[in-house]
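Q: Mind having a look at this structure? Questions to follow.
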Amino acid sequence: MQLVEQVIGRMDYGRAALDGAASGALPGALVGWVFGLLNWLDPVVGGLVLGL
């Protein structure tokens, strides 16, 4: 069994940084949205959840 990989181009530092930022932006936005929603509903509950 042989694994064959086709390389279609090079990835430079800028492209790698952009891909990393894009892959971290979505989870960060979702977590921030959840904490923001909890803080909007009740600041004490949001603070407790953030502390946990």
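By order in the structure tokens, chains are A, B, ...; within a chain, residues start at 1; ligands start at 1, following the order shown.
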From chain A, collect each residue whose DSSP state is helix (DSSP H, G or I) and return the set as a ChimeraX atom specification.

A: /A:13-41,43-51

Q: Near stretch 20-35 of chain A, within 9 Å and counting only C-alpha atoms, which residues show up once chain neighbours fewer than 3 positions away are dropped, as a VMD selection string?

A: chain A and resid 15 to 17 38 to 40 46 to 47 49 to 50

Q: Using all heavy atoms, can you export the residues from the last selection as a PDB file, in the first residue's frame?

A:
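Saved the output as result_22.pdb:
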ATOM      1  N   ARG A  15       0.472  32.903   4.023  1.00  0.00           N
ATOM      2  CA  ARG A  15      -0.674  32.005   3.813  1.00  0.00           C
ATOM      3  C   ARG A  15      -0.906  31.131   5.052  1.00  0.00           C
ATOM      4  O   ARG A  15      -2.032  30.877   5.449  1.00  0.00           O
ATOM      5  CB  ARG A  15      -0.420  31.146   2.583  1.00  0.00           C
ATOM      6  CG  ARG A  15      -1.490  30.163   2.286  1.00  0.00           C
ATOM      7  CD  ARG A  15      -2.752  30.853   1.859  1.00  0.00           C
ATOM      8  NE  ARG A  15      -3.779  29.845   1.637  1.00  0.00           N
ATOM      9  CZ  ARG A  15      -4.987  30.112   1.288  1.00  0.00           C
ATOM     10  NH1 ARG A  15      -5.367  31.352   1.081  1.00  0.00           N
ATOM     11  NH2 ARG A  15      -5.859  29.161   1.125  1.00  0.00           N
ATOM     12  N   ALA A  16       0.175  30.647   5.660  1.00  0.00           N
ATOM     13  CA  ALA A  16       0.043  29.831   6.867  1.00  0.00           C
ATOM     14  C   ALA A  16      -0.542  30.647   8.010  1.00  0.00           C
ATOM     15  O   ALA A  16      -1.395  30.157   8.762  1.00  0.00           O
ATOM     16  CB  ALA A  16       1.401  29.257   7.268  1.00  0.00           C
ATOM     17  N   ALA A  17      -0.126  31.908   8.146  1.00  0.00           N
ATOM     18  CA  ALA A  17      -0.673  32.770   9.190  1.00  0.00           C
ATOM     19  C   ALA A  17      -2.140  33.063   8.942  1.00  0.00           C
ATOM     20  O   ALA A  17      -2.954  33.077   9.875  1.00  0.00           O
ATOM     21  CB  ALA A  17       0.123  34.064   9.267  1.00  0.00           C
ATOM     22  N   LEU A  38     -24.563  35.178  27.813  1.00  0.00           N
ATOM     23  CA  LEU A  38     -24.753  34.941  29.244  1.00  0.00           C
ATOM     24  C   LEU A  38     -24.592  36.231  30.040  1.00  0.00           C
ATOM     25  O   LEU A  38     -25.325  36.463  31.002  1.00  0.00           O
ATOM     26  CB  LEU A  38     -23.775  33.881  29.747  1.00  0.00           C
ATOM     27  CG  LEU A  38     -24.059  32.448  29.309  1.00  0.00           C
ATOM     28  CD1 LEU A  38     -22.941  31.534  29.751  1.00  0.00           C
ATOM     29  CD2 LEU A  38     -25.395  31.963  29.832  1.00  0.00           C
ATOM     30  N   ASN A  39     -23.658  37.064  29.650  1.00  0.00           N
ATOM     31  CA  ASN A  39     -23.440  38.320  30.351  1.00  0.00           C
ATOM     32  C   ASN A  39     -24.609  39.269  30.114  1.00  0.00           C
ATOM     33  O   ASN A  39     -24.973  40.057  30.977  1.00  0.00           O
ATOM     34  CB  ASN A  39     -22.130  38.957  29.900  1.00  0.00           C
ATOM     35  CG  ASN A  39     -21.678  40.048  30.836  1.00  0.00           C
ATOM     36  OD1 ASN A  39     -22.085  40.085  31.992  1.00  0.00           O
ATOM     37  ND2 ASN A  39     -20.841  40.931  30.341  1.00  0.00           N
ATOM     38  N   TRP A  40     -25.204  39.214  28.941  1.00  0.00           N
ATOM     39  CA  TRP A  40     -26.357  40.069  28.636  1.00  0.00           C
ATOM     40  C   TRP A  40     -27.582  39.617  29.426  1.00  0.00           C
ATOM     41  O   TRP A  40     -28.356  40.438  29.905  1.00  0.00           O
ATOM     42  CB  TRP A  40     -26.628  40.012  27.138  1.00  0.00           C
ATOM     43  CG  TRP A  40     -27.771  40.863  26.711  1.00  0.00           C
ATOM     44  CD1 TRP A  40     -27.823  42.215  26.701  1.00  0.00           C
ATOM     45  CD2 TRP A  40     -29.036  40.417  26.247  1.00  0.00           C
ATOM     46  NE1 TRP A  40     -29.034  42.635  26.244  1.00  0.00           N
ATOM     47  CE2 TRP A  40     -29.806  41.563  25.961  1.00  0.00           C
ATOM     48  CE3 TRP A  40     -29.594  39.151  26.042  1.00  0.00           C
ATOM     49  CZ2 TRP A  40     -31.100  41.469  25.476  1.00  0.00           C
ATOM     50  CZ3 TRP A  40     -30.876  39.069  25.555  1.00  0.00           C
ATOM     51  CH2 TRP A  40     -31.620  40.214  25.283  1.00  0.00           C
ATOM     52  N   GLY A  46     -22.967  34.982  34.039  1.00  0.00           N
ATOM     53  CA  GLY A  46     -21.872  35.045  33.070  1.00  0.00           C
ATOM     54  C   GLY A  46     -20.515  35.075  33.754  1.00  0.00           C
ATOM     55  O   GLY A  46     -19.574  34.435  33.298  1.00  0.00           O
ATOM     56  N   GLY A  47     -20.407  35.786  34.850  1.00  0.00           N
ATOM     57  CA  GLY A  47     -19.153  35.816  35.602  1.00  0.00           C
ATOM     58  C   GLY A  47     -18.818  34.467  36.208  1.00  0.00           C
ATOM     59  O   GLY A  47     -17.650  34.063  36.220  1.00  0.00           O
ATOM     60  N   VAL A  49     -19.811  31.471  35.051  1.00  0.00           N
ATOM     61  CA  VAL A  49     -19.441  30.565  33.970  1.00  0.00           C
ATOM     62  C   VAL A  49     -18.039  30.863  33.471  1.00  0.00           C
ATOM     63  O   VAL A  49     -17.246  29.962  33.202  1.00  0.00           O
ATOM     64  CB  VAL A  49     -20.473  30.638  32.829  1.00  0.00           C
ATOM     65  CG1 VAL A  49     -19.992  29.899  31.603  1.00  0.00           C
ATOM     66  CG2 VAL A  49     -21.822  30.115  33.289  1.00  0.00           C
ATOM     67  N   LEU A  50     -17.712  32.133  33.367  1.00  0.00           N
ATOM     68  CA  LEU A  50     -16.374  32.517  32.941  1.00  0.00           C
ATOM     69  C   LEU A  50     -15.334  32.073  33.971  1.00  0.00           C
ATOM     70  O   LEU A  50     -14.248  31.644  33.619  1.00  0.00           O
ATOM     71  CB  LEU A  50     -16.299  34.031  32.729  1.00  0.00           C
ATOM     72  CG  LEU A  50     -15.004  34.596  32.223  1.00  0.00           C
ATOM     73  CD1 LEU A  50     -14.671  34.002  30.865  1.00  0.00           C
ATOM     74  CD2 LEU A  50     -15.074  36.099  32.120  1.00  0.00           C
TER      75      LEU A  50
END
